Structures are given as structure tokens and as C-alpha cells.
file final-v5.json (JSON, C-alpha atoms)
[["chain", "number", "residue", "atom", "x", "y", "z"],
["A", 1, "MET", "CA", -4.72, 19.35, -3.85],
["A", 2, "VAL", "CA", -6.03, 17.15, -1.05],
["A", 3, "SER", "CA", -5.25, 18.59, 2.37],
["A", 4, "PRO", "CA", -3.46, 16.37, 4.87],
["A", 5, "SER", "CA", -5.73, 14.32, 7.06],
["A", 6, "MET", "CA", -5.35, 13.25, 10.61],
["A", 7, "ARG", "CA", -6.87, 10.47, 12.62],
["A", 8, "ILE", "CA", -6.45, 9.32, 16.16],
["A", 9, "ASP", "CA", -6.87, 5.74, 17.25],
["A", 10, "GLU", "CA", -6.93, 4.37, 20.75],
["A", 11, "GLY", "CA", -3.87, 2.20, 20.32],
["A", 12, "CYS", "CA", -4.26, -0.29, 23.11],
["A", 13, "ASP", "CA", -6.22, -1.83, 25.92],
["A", 14, "LEU", "CA", -5.53, 0.24, 29.02],
["A", 15, "ASP", "CA", -6.02, -2.81, 31.21],
["A", 16, "SER", "CA", -3.02, -4.56, 29.69],
["A", 17, "ASP", "CA", -0.07, -5.26, 31.94],
["A", 18, "ASN", "CA", 2.19, -3.07, 29.88],
["A", 19, "SER", "CA", 0.05, 0.06, 30.12],
["A", 20, "VAL", "CA", 2.32, 1.59, 32.76],
["A", 21, "LEU", "CA", 5.35, 1.29, 30.47],
["A", 22, "MET", "CA", 3.53, 2.13, 27.26],
["A", 23, "ARG", "CA", 4.08, 5.52, 25.69],
["A", 24, "GLU", "CA", 1.19, 7.95, 25.74],
["A", 25, "LYS", "CA", 1.16, 8.78, 22.08],
["A", 26, "LEU", "CA", 2.71, 7.71, 18.80],
["A", 27, "ALA", "CA", 2.44, 10.17, 15.91],
["A", 28, "VAL", "CA", 2.96, 8.77, 12.41],
["A", 29, "LEU", "CA", 3.05, 10.73, 9.16],
["A", 30, "ILE", "CA", 2.39, 8.82, 5.93],
["A", 31, "VAL", "CA", 3.66, 10.56, 2.81],
["A", 32, "ASP", "CA", 2.55, 8.92, -0.45],
["A", 33, "ASP", "CA", 0.83, 10.17, -3.58],
["A", 34, "ASP", "CA", -1.16, 6.96, -4.02],
["A", 35, "ALA", "CA", -4.51, 6.86, -2.19],
["A", 36, "VAL", "CA", -4.57, 3.05, -1.89],
["A", 37, "VAL", "CA", -1.10, 2.96, -0.32],
["A", 38, "ARG", "CA", -1.99, 5.80, 2.06],
["A", 39, "LYS", "CA", -5.13, 3.98, 3.19],
["A", 40, "VAL", "CA", -3.31, 0.69, 3.81],
["A", 41, "HIS", "CA", -0.28, 2.24, 5.54],
["A", 42, "GLU", "CA", -2.46, 4.48, 7.68],
["A", 43, "LYS", "CA", -4.49, 1.48, 8.84],
["A", 44, "LEU", "CA", -1.32, -0.54, 9.51],
["A", 45, "ALA", "CA", 0.09, 2.28, 11.63],
["A", 46, "SER", "CA", -3.16, 2.91, 13.50],
["A", 47, "GLN", "CA", -3.41, -0.77, 14.51],
["A", 48, "LEU", "CA", -0.09, -0.68, 16.37],
["A", 49, "LYS", "CA", -0.56, -1.65, 19.99],
["A", 50, "VAL", "CA", 2.42, 0.33, 21.19],
["A", 51, "ALA", "CA", 0.90, 3.51, 22.56],
["A", 52, "LYS", "CA", -2.24, 4.57, 24.38],
["A", 53, "GLN", "CA", -3.02, 6.73, 21.40],
["A", 54, "VAL", "CA", -1.80, 6.37, 17.82],
["A", 55, "GLN", "CA", -2.20, 9.50, 15.75],
["A", 56, "THR", "CA", -1.81, 9.24, 11.98],
["A", 57, "GLU", "CA", -1.64, 11.99, 9.40],
["A", 58, "THR", "CA", -1.20, 11.75, 5.66],
["A", 59, "ALA", "CA", 0.35, 13.97, 3.03],
["A", 60, "THR", "CA", 0.06, 13.47, -0.71],
["A", 61, "ASN", "CA", 3.35, 15.01, -1.77],
["A", 62, "GLY", "CA", 6.69, 16.20, -0.42],
["A", 63, "LYS", "CA", 5.71, 19.84, -0.15],
["A", 64, "GLU", "CA", 2.68, 19.01, 2.00],
["A", 65, "ALA", "CA", 4.92, 17.01, 4.33],
["A", 66, "LEU", "CA", 7.29, 19.96, 4.61],
["A", 67, "ASP", "CA", 4.46, 22.44, 5.15],
["A", 68, "LEU", "CA", 3.11, 20.32, 8.00],
["A", 69, "HIS", "CA", 6.45, 20.63, 9.77],
["A", 70, "LEU", "CA", 6.74, 24.35, 9.01],
["A", 71, "SER", "CA", 3.35, 24.88, 10.64],
["A", 72, "GLY", "CA", 4.63, 23.23, 13.81],
["A", 73, "SER", "CA", 3.60, 19.56, 13.55],
["A", 74, "SER", "CA", 6.01, 16.89, 14.65],
["A", 75, "PHE", "CA", 5.97, 13.13, 14.37],
["A", 76, "ASP", "CA", 7.66, 10.11, 15.90],
["A", 77, "ILE", "CA", 7.78, 8.22, 12.62],
["A", 78, "ILE", "CA", 7.56, 9.49, 9.04],
["A", 79, "LEU", "CA", 6.89, 6.92, 6.30],
["A", 80, "MET", "CA", 8.27, 8.63, 3.20],
["A", 81, "GLU", "CA", 7.68, 7.34, -0.34],
["A", 82, "MET", "CA", 10.65, 7.96, -2.63],
["A", 83, "ASP", "CA", 8.72, 8.99, -5.73],
["A", 84, "LEU", "CA", 6.53, 11.97, -4.88],
["A", 85, "PRO", "CA", 5.22, 14.79, -7.04],
["A", 86, "ILE", "CA", 6.30, 18.42, -6.53],
["A", 87, "MET", "CA", 9.08, 17.49, -4.09],
["A", 88, "ASP", "CA", 10.36, 13.92, -3.95],
["A", 89, "GLY", "CA", 11.24, 11.80, -0.93],
["A", 90, "PRO", "CA", 15.00, 12.43, -0.89],
["A", 91, "GLU", "CA", 14.52, 16.22, -1.33],
["A", 92, "VAL", "CA", 12.01, 16.45, 1.50],
["A", 93, "THR", "CA", 14.16, 14.27, 3.75],
["A", 94, "LYS", "CA", 17.16, 16.53, 3.19],
["A", 95, "GLU", "CA", 15.06, 19.63, 3.95],
["A", 96, "LEU", "CA", 13.58, 18.12, 7.10],
["A", 97, "ARG", "CA", 17.01, 17.15, 8.42],
["A", 98, "ALA", "CA", 18.35, 20.60, 7.55],
["A", 99, "MET", "CA", 15.45, 22.04, 9.56],
["A", 100, "GLY", "CA", 16.58, 19.97, 12.53],
["A", 101, "VAL", "CA", 13.82, 17.35, 12.41],
["A", 102, "LYS", "CA", 14.94, 14.40, 14.50],
["A", 103, "SER", "CA", 11.99, 12.09, 13.80],
["A", 104, "MET", "CA", 12.57, 8.57, 12.57],
["A", 105, "ILE", "CA", 12.25, 8.95, 8.78],
["A", 106, "VAL", "CA", 11.68, 5.67, 6.99],
["A", 107, "GLY", "CA", 11.94, 5.54, 3.24],
["A", 108, "VAL", "CA", 9.31, 3.38, 1.55],
["A", 109, "THR", "CA", 9.67, 2.38, -2.06],
["A", 110, "SER", "CA", 8.81, -0.28, -4.59],
["A", 111, "ARG", "CA", 11.99, 0.50, -6.54],
["A", 112, "ASP", "CA", 14.51, -2.30, -6.48],
["A", 113, "SER", "CA", 17.66, -0.40, -7.43],
["A", 114, "GLN", "CA", 20.21, -0.52, -4.61],
["A", 115, "VAL", "CA", 21.83, 2.65, -5.97],
["A", 116, "GLU", "CA", 18.59, 4.59, -5.64],
["A", 117, "LYS", "CA", 17.89, 3.22, -2.17],
["A", 118, "THR", "CA", 21.39, 4.17, -1.03],
["A", 119, "ALA", "CA", 20.94, 7.69, -2.39],
["A", 120, "PHE", "CA", 17.68, 7.92, -0.46],
["A", 121, "MET", "CA", 19.39, 6.71, 2.75],
["A", 122, "VAL", "CA", 22.13, 9.30, 2.28],
["A", 123, "ALA", "CA", 19.47, 12.04, 2.16],
["A", 124, "GLY", "CA", 18.90, 11.38, 5.87],
["A", 125, "LEU", "CA", 16.77, 8.28, 6.34],
["A", 126, "ASP", "CA", 16.96, 6.07, 9.39],
["A", 127, "GLU", "CA", 15.86, 3.09, 7.32],
["A", 128, "CYS", "CA", 14.62, 2.22, 3.85],
["A", 129, "LEU", "CA", 11.94, -0.42, 3.47],
["A", 130, "GLU", "CA", 10.47, -2.11, 0.45],
["A", 131, "LYS", "CA", 6.78, -1.81, -0.35],
["A", 132, "PRO", "CA", 4.42, -3.22, 0.62],
["A", 133, "LEU", "CA", 4.62, -2.49, 4.31],
["A", 134, "THR", "CA", 3.33, -5.12, 6.69],
["A", 135, "ALA", "CA", 2.34, -5.14, 10.35],
["A", 136, "ASP", "CA", 5.67, -6.80, 11.22],
["A", 137, "LYS", "CA", 7.77, -4.23, 9.38],
["A", 138, "ILE", "CA", 6.03, -1.35, 11.12],
["A", 139, "SER", "CA", 6.18, -3.02, 14.54],
["A", 140, "SER", "CA", 9.92, -3.50, 14.23],
["A", 141, "LEU", "CA", 10.30, 0.20, 13.40],
["A", 142, "VAL", "CA", 8.57, 1.07, 16.64],
["A", 143, "GLU", "CA", 10.84, -1.37, 18.51],
["A", 144, "THR", "CA", 13.85, 0.44, 17.08],
["A", 145, "LEU", "CA", 12.31, 3.74, 18.10],
["A", 146, "GLU", "CA", 11.78, 2.53, 21.65],
["A", 147, "LYS", "CA", 15.39, 1.30, 21.89],
["A", 148, "LYS", "CA", 16.66, 4.75, 20.92],
["A", 149, "LYS", "CA", 14.75, 6.45, 23.74],
["B", 1, "MET", "CA", -27.31, -23.53, -0.41],
["B", 2, "GLU", "CA", -26.75, -23.77, 3.33],
["B", 3, "VAL", "CA", -24.25, -21.59, 5.16],
["B", 4, "GLY", "CA", -21.69, -24.33, 5.88],
["B", 5, "GLN", "CA", -21.52, -25.20, 2.19],
["B", 6, "MET", "CA", -21.14, -21.52, 1.23],
["B", 7, "GLN", "CA", -18.33, -21.14, 3.75],
["B", 8, "ARG", "CA", -16.52, -24.19, 2.36],
["B", 9, "ARG", "CA", -16.87, -22.84, -1.19],
["B", 10, "LEU", "CA", -15.42, -19.52, -0.06],
["B", 11, "VAL", "CA", -12.44, -21.20, 1.60],
["B", 12, "GLU", "CA", -11.76, -23.24, -1.54],
["B", 13, "PHE", "CA", -12.12, -20.23, -3.80],
["B", 14, "THR", "CA", -9.81, -18.09, -1.65],
["B", 15, "LYS", "CA", -7.26, -20.91, -1.60],
["B", 16, "SER", "CA", -7.37, -21.11, -5.38],
["B", 17, "LEU", "CA", -6.64, -17.39, -5.67],
["B", 18, "PHE", "CA", -3.42, -17.87, -3.71],
["B", 19, "VAL", "CA", -2.45, -21.05, -5.55],
["B", 20, "GLU", "CA", -3.03, -19.43, -8.95],
["B", 21, "GLY", "CA", -0.97, -16.40, -7.92],
["B", 22, "PHE", "CA", -3.77, -13.84, -8.04],
["B", 23, "LEU", "CA", -3.19, -13.03, -4.37],
["B", 24, "ASP", "CA", -0.12, -13.00, -2.18],
["B", 25, "GLY", "CA", 0.52, -12.64, 1.55],
["B", 26, "GLN", "CA", -0.19, -8.91, 1.48],
["B", 27, "PHE", "CA", -3.90, -9.67, 1.05],
["B", 28, "LEU", "CA", -3.78, -11.53, 4.36],
["B", 29, "GLN", "CA", -2.33, -8.36, 5.92],
["B", 30, "LEU", "CA", -5.39, -6.47, 4.67],
["B", 31, "GLN", "CA", -7.77, -9.05, 6.08],
["B", 32, "GLN", "CA", -6.02, -8.85, 9.44],
["B", 33, "LEU", "CA", -6.51, -5.08, 9.47],
["B", 34, "GLN", "CA", -10.29, -5.51, 9.18],
["B", 35, "ASP", "CA", -12.15, -5.54, 12.47],
["B", 36, "ASP", "CA", -15.46, -4.55, 14.04],
["B", 37, "SER", "CA", -14.52, -0.88, 13.97],
["B", 38, "ASN", "CA", -13.81, -1.12, 10.23],
["B", 39, "PRO", "CA", -15.76, -4.17, 8.94],
["B", 40, "ASP", "CA", -15.59, -3.14, 5.27],
["B", 41, "PHE", "CA", -11.91, -2.23, 5.16],
["B", 42, "VAL", "CA", -10.88, -4.85, 2.60],
["B", 43, "VAL", "CA", -13.75, -4.07, 0.23],
["B", 44, "GLU", "CA", -13.03, -0.33, 0.58],
["B", 45, "VAL", "CA", -9.33, -0.64, -0.18],
["B", 46, "VAL", "CA", -9.79, -3.06, -3.07],
["B", 47, "SER", "CA", -12.57, -0.90, -4.57],
["B", 48, "LEU", "CA", -10.37, 2.17, -4.28],
["B", 49, "PHE", "CA", -7.60, 0.28, -6.03],
["B", 50, "PHE", "CA", -9.79, -0.70, -8.99],
["B", 51, "GLN", "CA", -11.23, 2.80, -9.24],
["B", 52, "ASP", "CA", -7.86, 4.58, -9.21],
["B", 53, "SER", "CA", -6.12, 1.99, -11.37],
["B", 54, "GLU", "CA", -8.74, 2.20, -14.11],
["B", 55, "LYS", "CA", -7.80, 5.86, -14.49],
["B", 56, "LEU", "CA", -4.09, 4.99, -14.40],
["B", 57, "LEU", "CA", -4.59, 2.46, -17.21],
["B", 58, "ASN", "CA", -6.39, 5.08, -19.30],
["B", 59, "ASP", "CA", -3.51, 7.51, -18.71],
["B", 60, "LEU", "CA", -1.06, 4.77, -19.72],
["B", 61, "THR", "CA", -3.00, 4.05, -22.91],
["B", 62, "SER", "CA", -2.95, 7.69, -24.00],
["B", 63, "ALA", "CA", 0.69, 8.11, -23.00],
["B", 64, "LEU", "CA", 1.66, 5.24, -25.30],
["B", 65, "GLU", "CA", -0.44, 6.64, -28.15],
["B", 66, "GLN", "CA", 1.48, 9.92, -28.28],
["B", 67, "GLN", "CA", 3.53, 10.86, -31.33],
["B", 68, "ASP", "CA", 6.62, 11.16, -29.11],
["B", 69, "VAL", "CA", 6.18, 8.72, -26.26],
["B", 70, "ASP", "CA", 7.49, 10.02, -22.95],
["B", 71, "PHE", "CA", 8.82, 6.77, -21.48],
["B", 72, "LYS", "CA", 9.60, 8.43, -18.18],
["B", 73, "LYS", "CA", 5.95, 9.36, -17.79],
["B", 74, "VAL", "CA", 4.86, 5.85, -18.80],
["B", 75, "ASP", "CA", 7.31, 4.40, -16.30],
["B", 76, "ALA", "CA", 6.02, 6.66, -13.53],
["B", 77, "HIS", "CA", 2.45, 5.44, -14.12],
["B", 78, "VAL", "CA", 3.51, 1.77, -14.16],
["B", 79, "HIS", "CA", 5.59, 2.35, -11.04],
["B", 80, "GLN", "CA", 2.54, 3.74, -9.24],
["B", 81, "LEU", "CA", 0.41, 0.80, -10.37],
["B", 82, "LYS", "CA", 3.09, -1.60, -9.18],
["B", 83, "GLY", "CA", 3.09, 0.06, -5.75],
["B", 84, "SER", "CA", -0.66, 0.10, -5.27],
["B", 85, "SER", "CA", -1.23, -3.43, -6.60],
["B", 86, "SER", "CA", 1.47, -4.77, -4.30],
["B", 87, "SER", "CA", -0.11, -3.01, -1.32],
["B", 88, "ILE", "CA", -3.35, -5.00, -1.75],
["B", 89, "GLY", "CA", -1.68, -8.29, -2.67],
["B", 90, "ALA", "CA", -2.70, -8.31, -6.33],
["B", 91, "GLN", "CA", 0.37, -10.32, -7.25],
["B", 92, "ARG", "CA", -0.21, -10.99, -10.95],
["B", 93, "VAL", "CA", -0.94, -7.33, -11.65],
["B", 94, "LYS", "CA", 2.21, -6.37, -9.75],
["B", 95, "ASN", "CA", 4.33, -8.90, -11.67],
["B", 96, "ALA", "CA", 3.00, -7.66, -14.99],
["B", 97, "CYS", "CA", 4.08, -4.16, -13.95],
["B", 98, "VAL", "CA", 7.60, -5.36, -13.16],
["B", 99, "VAL", "CA", 7.99, -6.68, -16.71],
["B", 100, "PHE", "CA", 6.43, -3.55, -18.14],
["B", 101, "ARG", "CA", 8.95, -1.32, -16.34],
["B", 102, "SER", "CA", 11.90, -3.18, -17.84],
["B", 103, "PHE", "CA", 10.63, -2.35, -21.34],
["B", 104, "CYS", "CA", 10.04, 1.28, -20.35],
["B", 105, "GLU", "CA", 13.69, 1.41, -19.41],
["B", 106, "GLU", "CA", 14.65, 0.03, -22.82],
["B", 107, "GLN", "CA", 12.21, 2.49, -24.45],
["B", 108, "ASN", "CA", 10.84, -0.41, -26.47],
["B", 109, "LEU", "CA", 7.45, 0.85, -27.67],
["B", 110, "GLN", "CA", 6.25, -2.40, -29.19],
["B", 111, "GLU", "CA", 6.95, -4.40, -26.03],
["B", 112, "CYS", "CA", 5.45, -1.65, -23.89],
["B", 113, "MET", "CA", 2.21, -1.85, -25.88],
["B", 114, "ARG", "CA", 2.19, -5.61, -25.40],
["B", 115, "CYS", "CA", 2.84, -5.20, -21.68],
["B", 116, "LEU", "CA", -0.01, -2.74, -21.39],
["B", 117, "GLN", "CA", -2.37, -5.36, -22.83],
["B", 118, "LEU", "CA", -1.04, -7.93, -20.36],
["B", 119, "VAL", "CA", -1.45, -5.57, -17.42],
["B", 120, "LYS", "CA", -5.00, -4.75, -18.50],
["B", 121, "GLN", "CA", -5.77, -8.45, -18.84],
["B", 122, "GLU", "CA", -4.45, -9.20, -15.35],
["B", 123, "PHE", "CA", -6.26, -6.17, -13.98],
["B", 124, "TYR", "CA", -9.66, -7.28, -15.28],
["B", 125, "LEU", "CA", -9.04, -10.89, -14.26],
["B", 126, "ALA", "CA", -8.19, -9.74, -10.74],
["B", 127, "LYS", "CA", -11.23, -7.46, -10.64],
["B", 128, "ASN", "CA", -13.43, -10.38, -11.60],
["B", 129, "LYS", "CA", -11.91, -12.64, -8.94],
["B", 130, "PHE", "CA", -12.30, -10.02, -6.20],
["B", 131, "GLU", "CA", -15.91, -9.36, -7.20],
["B", 132, "THR", "CA", -16.65, -13.07, -6.95],
["B", 133, "LEU", "CA", -14.92, -13.24, -3.56],
["B", 134, "PHE", "CA", -16.86, -10.31, -2.14],
["B", 135, "THR", "CA", -20.17, -11.60, -3.53],
["B", 136, "MET", "CA", -19.59, -14.95, -1.86],
["B", 137, "GLU", "CA", -18.80, -13.18, 1.43],
["B", 138, "GLN", "CA", -21.94, -11.05, 1.16],
["B", 139, "GLN", "CA", -24.08, -14.13, 0.55],
["B", 140, "ILE", "CA", -22.70, -15.82, 3.66],
["B", 141, "VAL", "CA", -23.35, -12.76, 5.81],
["B", 142, "ALA", "CA", -26.85, -12.35, 4.34],
["B", 143, "ALA", "CA", -27.58, -15.97, 5.27],
["B", 144, "GLY", "CA", -26.54, -15.24, 8.86],
["B", 145, "GLY", "CA", -23.11, -16.86, 8.69],
["B", 146, "SER", "CA", -19.64, -15.49, 9.43],
["B", 147, "ILE", "CA", -16.68, -15.22, 7.09],
["B", 148, "PRO", "CA", -14.13, -17.94, 7.87],
["B", 149, "ALA", "CA", -10.60, -16.56, 8.42],
["B", 150, "THR", "CA", -8.07, -17.39, 5.71],
["B", 151, "GLU", "CA", -5.62, -19.97, 7.00],
["B", 152, "ILE", "CA", -2.37, -19.88, 5.10],
["B", 153, "THR", "CA", -1.22, -23.23, 6.44],
["B", 154, "SER", "CA", -3.92, -25.00, 4.49],
["B", 155, "PHE", "CA", -2.11, -24.38, 1.18]]
call {"tool": "encode", "arguments": {"input": "final-v5.json", "output": "C-alpha cells"}}
result
Amino acid sequence: MVSPSMRIDEGCDLDSDNSVLMREKLAVLIVDDDAVVRKVHEKLASQLKVAKQVQTETATNGKEALDLHLSGSSFDIILMEMDLPIMDGPEVTKELRAMGVKSMIVGVTSRDSQVEKTAFMVAGLDECLEKPLTADKISSLVETLEKKK
Amino acid sequence: MEVGQMQRRLVEFTKSLFVEGFLDGQFLQLQQLQDDSNPDFVVEVVSLFFQDSEKLLNDLTSALEQQDVDFKKVDAHVHQLKGSSSSIGAQRVKNACVVFRSFCEEQNLQECMRCLQLVKQEFYLAKNKFETLFTMEQQIVAAGGSIPATEITSF
């Protein structure tokens, strides 16, 4: 099993006018069993110019995502694929919420069934987005996050 | 061939990939993620896709050759291929997967076998197109030129 990986990117130009208002750090967890999707979503998240530092971590299945939290990690945004091995997206989401995790959990799926998406939302998601993710979709998530502060 | 001519050929070729449906807007997202700190990002992601998907296609082939086909397993593989192909903008591969999944749901073995052939066809076509694209880019860089940005308004 691949262990979760973490990377830190300097999210923005400190000389920008907004640097005073910009948050110090944004931590994003990408949970997906597909390596291509993880690579793309991690890069999308790390390019966000919304924090002085954007920290991304990845997990390849639901259990890894849960273990990360059990070992004390916390994230601002969790991008959670619905179909995961060992423990799927809805199961992990339910567990995380039961544990008291208040992070923004965003379901990500290429399934088109409304029934399945609704069931995923009910598990405790803040939002459910269709794959593939784009820079705009991720930016608007961060906007929502900022509004909730 | 001089650099300007190579660059024009690349622009035309890239345009044709969008027009013929090989690529969709998601590929532009990938290109926009590439920068000086990660100058080979697109090649890396696309190469990873073709590497991983080749294995997925082999798994699909053996899954459909079983005495008792597990359509749920087949569907799971196709679902994964749909997700990864859509994340790099490989539109025709993705669309072939969508059709494939509908036959998995119906548990129609004959149609699933046909779909597998179609997906493989699209996969190898896409691989060929990407290889041509990257070769053209390499030639431009080797000749001292820069890769022109893809402008979606031009088509």
C-alpha cells in the first residue's frame, strides 16, 4: 500500500496587495485510488493562490484517509472520491463526521446517478462535484470556505 | 523546417485534436497547470495515464474472459478508466467508457466485448496522437523555440 504523501507549495506572491488578508495556510487532502487523478487534483489544489502556503496530502483509499485523521492530521478541504477500495467515500465521510471532523468535505465522482450523489451528500458532504475537477471548481470551494469563516 | 513553421504545425495539429474530439477542455486545464517549476507536468500526467490504463485494459480483458464474468468488477475497472481519462481530457476514451458502463449494467457480455475493443481502439489512437503532439513540442524546444499556448478561441 502506498503511504500518503504530502507536499507544500508557496501559494502566492507575498508582495500582492491581498497578502495581509490572505490566510497563512490551506491544507487539502486528496483521497482517490487512481494515481492520474491524484496527480492532477494535487496540482490543481497546489496552484491555488489563496494562501501563503498550500499544503497537499494524498491518500489512496478510505482507510488511509481515516488513519491520517486518527494520527492527528487535520485539513481545511478534503476531496473525497466516492468509489474507494477498503472503505468507500460515503463510509469514510460518515466516520469522519462521527469523529467530529469539521473540515469541508467535498465528494468527487464521475458517477452520474443523482441517487448515488444524494446518498453521498447525506453521509456528511458539504458539496458533491463531478469529475474532472478544474481550477474554477476548486477556487469556488475555497471561496465558500472563506465565507464560512 | 524552421521554428515558426514547426510552431504553426503544432497549433494546427492541436486544433485538430480538439475538433476531432480527441481532447476536451480538461486538457487545457492540464496545460495551464504546467509552469517553470513543473515544465514536464503534462507529459508526466499523460504518460502515467497510458501506463496505468494499459494495465487496466489487461485486467478488463481477463475479467471478460472468465467463465463467470463478474460484471461489477468489469464495471469498476471501466469506471476507473472513465475517471482517469476524463481527468486528462481524453474525451473519446472517456465517451467509449460511458457506453461500456451501460452494457455492464445490462450484463450484456457480447456488447461488453465489443465495447472493450472500441475502448482499446480509442486508447491506442489517443496514445498515438499524444505521442505526435509531444514529439512536435520536443522538436520545437530542441530548435530553440517556445511552445505556443493553446488558444481555445481559435476553434
call {"tool": "interface_residues", "arguments": {"input": "final-v5.json", "of": "chain A", "to": "chain B", "cutoff": "10 Å", "atoms": "only C-alpha atoms", "output": "short mmCIF file (atom, residue, chain, number, x, y, z; two decimals) with C-alpha atoms, in the frame of the given file"}}
result
data_model
loop_
_atom_site.label_atom_id
_atom_site.label_comp_id
_atom_site.auth_asym_id
_atom_site.auth_seq_id
_atom_site.Cartn_x
_atom_site.Cartn_y
_atom_site.Cartn_z
CA ASP A 33 0.83 10.17 -3.58
CA ASP A 34 -1.16 6.96 -4.02
CA ALA A 35 -4.51 6.86 -2.19
CA VAL A 36 -4.57 3.05 -1.89
CA VAL A 37 -1.10 2.96 -0.32
CA ARG A 38 -1.99 5.80 2.06
CA LYS A 39 -5.13 3.98 3.19
CA VAL A 40 -3.31 0.69 3.81
CA HIS A 41 -0.28 2.24 5.54
CA LYS A 43 -4.49 1.48 8.84
CA LEU A 44 -1.32 -0.54 9.51
CA SER A 46 -3.16 2.91 13.50
CA GLN A 47 -3.41 -0.77 14.51
CA ASP A 83 8.72 8.99 -5.73
CA THR A 109 9.67 2.38 -2.06
CA SER A 110 8.81 -0.28 -4.59
CA ARG A 111 11.99 0.50 -6.54
CA GLU A 130 10.47 -2.11 0.45
CA LYS A 131 6.78 -1.81 -0.35
CA PRO A 132 4.42 -3.22 0.62
CA LEU A 133 4.62 -2.49 4.31
CA THR A 134 3.33 -5.12 6.69
CA ALA A 135 2.34 -5.14 10.35
CA ASP A 136 5.67 -6.80 11.22
#
call {"tool": "closest_residue", "arguments": {"input": "final-v5.json", "among": "A:Ile77, A:Ala59, A:Ala65, A:Val31", "to": "Glu95 of chain A", "atoms": "all atoms listed in the file"}}
result
A:Ala65
call {"tool": "atom_distance", "arguments": {"input": "final-v5.json", "atom1": "atom CA of Val54 of chain A", "atom2": "atom CA of Glu24 of chain A"}}
result
8.6 Å
call {"tool": "atom_distance", "arguments": {"input": "final-v5.json", "atom1": "atom CA of Gly144 of chain B", "atom2": "atom CA of Phe22 of chain B"}}
result
28.4 Å
call {"tool": "residues_near_point", "arguments": {"input": "final-v5.json", "point": "(5.4, 16.0, -3.1)", "cutoff": "7 Å", "atoms": "all atoms listed in the file", "output": "short mmCIF file (atom, residue, chain, number, x, y, z; two decimals) with C-alpha atoms, in the coordinates of the input"}}
result
data_model
loop_
_atom_site.label_atom_id
_atom_site.label_comp_id
_atom_site.auth_asym_id
_atom_site.auth_seq_id
_atom_site.Cartn_x
_atom_site.Cartn_y
_atom_site.Cartn_z
CA THR A 60 0.06 13.47 -0.71
CA ASN A 61 3.35 15.01 -1.77
CA GLY A 62 6.69 16.20 -0.42
CA LYS A 63 5.71 19.84 -0.15
CA GLU A 64 2.68 19.01 2.00
CA LEU A 84 6.53 11.97 -4.88
CA PRO A 85 5.22 14.79 -7.04
CA ILE A 86 6.30 18.42 -6.53
CA MET A 87 9.08 17.49 -4.09
CA ASP A 88 10.36 13.92 -3.95
#
call {"tool": "residues_near_point", "arguments": {"input": "final-v5.json", "point": "(9.9, 4.1, -17.7)", "cutoff": "7 Å", "atoms": "only C-alpha atoms", "output": "mmCIF file with C-alpha atoms, keeping the file's coordinate frame"}}
result
data_model
loop_
_atom_site.group_PDB
_atom_site.id
_atom_site.type_symbol
_atom_site.label_atom_id
_atom_site.label_comp_id
_atom_site.auth_asym_id
_atom_site.auth_seq_id
_atom_site.Cartn_x
_atom_site.Cartn_y
_atom_site.Cartn_z
ATOM 1 C CA PHE B 71 8.820 6.770 -21.480
ATOM 2 C CA LYS B 72 9.600 8.430 -18.180
ATOM 3 C CA LYS B 73 5.950 9.360 -17.790
ATOM 4 C CA VAL B 74 4.860 5.850 -18.800
ATOM 5 C CA ASP B 75 7.310 4.400 -16.300
ATOM 6 C CA ALA B 76 6.020 6.660 -13.530
ATOM 7 C CA ARG B 101 8.950 -1.320 -16.340
ATOM 8 C CA CYS B 104 10.040 1.280 -20.350
ATOM 9 C CA GLU B 105 13.690 1.410 -19.410
#
call {"tool": "atom_distance", "arguments": {"input": "final-v5.json", "atom1": "atom CA of Gln117 of chain B", "atom2": "atom CA of Thr14 of chain B"}}
result
25.8 Å
call {"tool": "residues_around", "arguments": {"input": "final-v5.json", "residues": "Leu145 of chain A", "least_positions_apart": "5", "cutoff": "9 Å", "atoms": "all atoms listed in the file", "output": "list in words"}}
result
Asp76, Ile77, Met104 and Ser140 of chain A
call {"tool": "write_last_selection", "arguments": {"input": "final-v5.json", "atoms": "C-alpha atoms", "output": "PDB file, in the frame of the given file"}}
result
ATOM      1  CA  ASP A  76       7.660  10.110  15.900  1.00  0.00           C
ATOM      2  CA  ILE A  77       7.780   8.220  12.620  1.00  0.00           C
ATOM      3  CA  MET A 104      12.570   8.570  12.570  1.00  0.00           C
ATOM      4  CA  SER A 140       9.920  -3.500  14.230  1.00  0.00           C
TER       5      SER A 140
END
call {"tool": "closest_residue", "arguments": {"input": "final-v5.json", "among": "A:Ala45, A:Val106, A:Leu70, A:Ile30", "to": "Thr144 of chain A", "atoms": "all atoms listed in the file"}}
result
A:Val106
call {"tool": "residues_around", "arguments": {"input": "final-v5.json", "residues": "Asp126 of chain A", "least_positions_apart": "6", "cutoff": "12 Å", "atoms": "all atoms listed in the file", "output": "list in words"}}
result
Ile77, Ile78, Leu79, Met80, Thr93, Arg97, Lys102, Ser103, Met104, Ile105, Val106, Gly107, Val108, Lys117, Thr118, Phe120, Leu141, Thr144, Leu145 and Lys148 of chain A
call {"tool": "axis_aligned_box", "arguments": {"input": "final-v5.json", "around": "segment 2-11 of chain B", "padding_each_side": "8 Å", "output": "JSON"}}
result
{"center_x": -19.6, "center_y": -22.4, "center_z": 2.3, "size_x": 30.3, "size_y": 21.7, "size_z": 23.1}
call {"tool": "closest_residue", "arguments": {"input": "final-v5.json", "among": "B:Val43, B:Gly4, B:Leu64, B:Asp24", "to": "Phe134 of chain B", "atoms": "all atoms listed in the file"}}
result
B:Val43
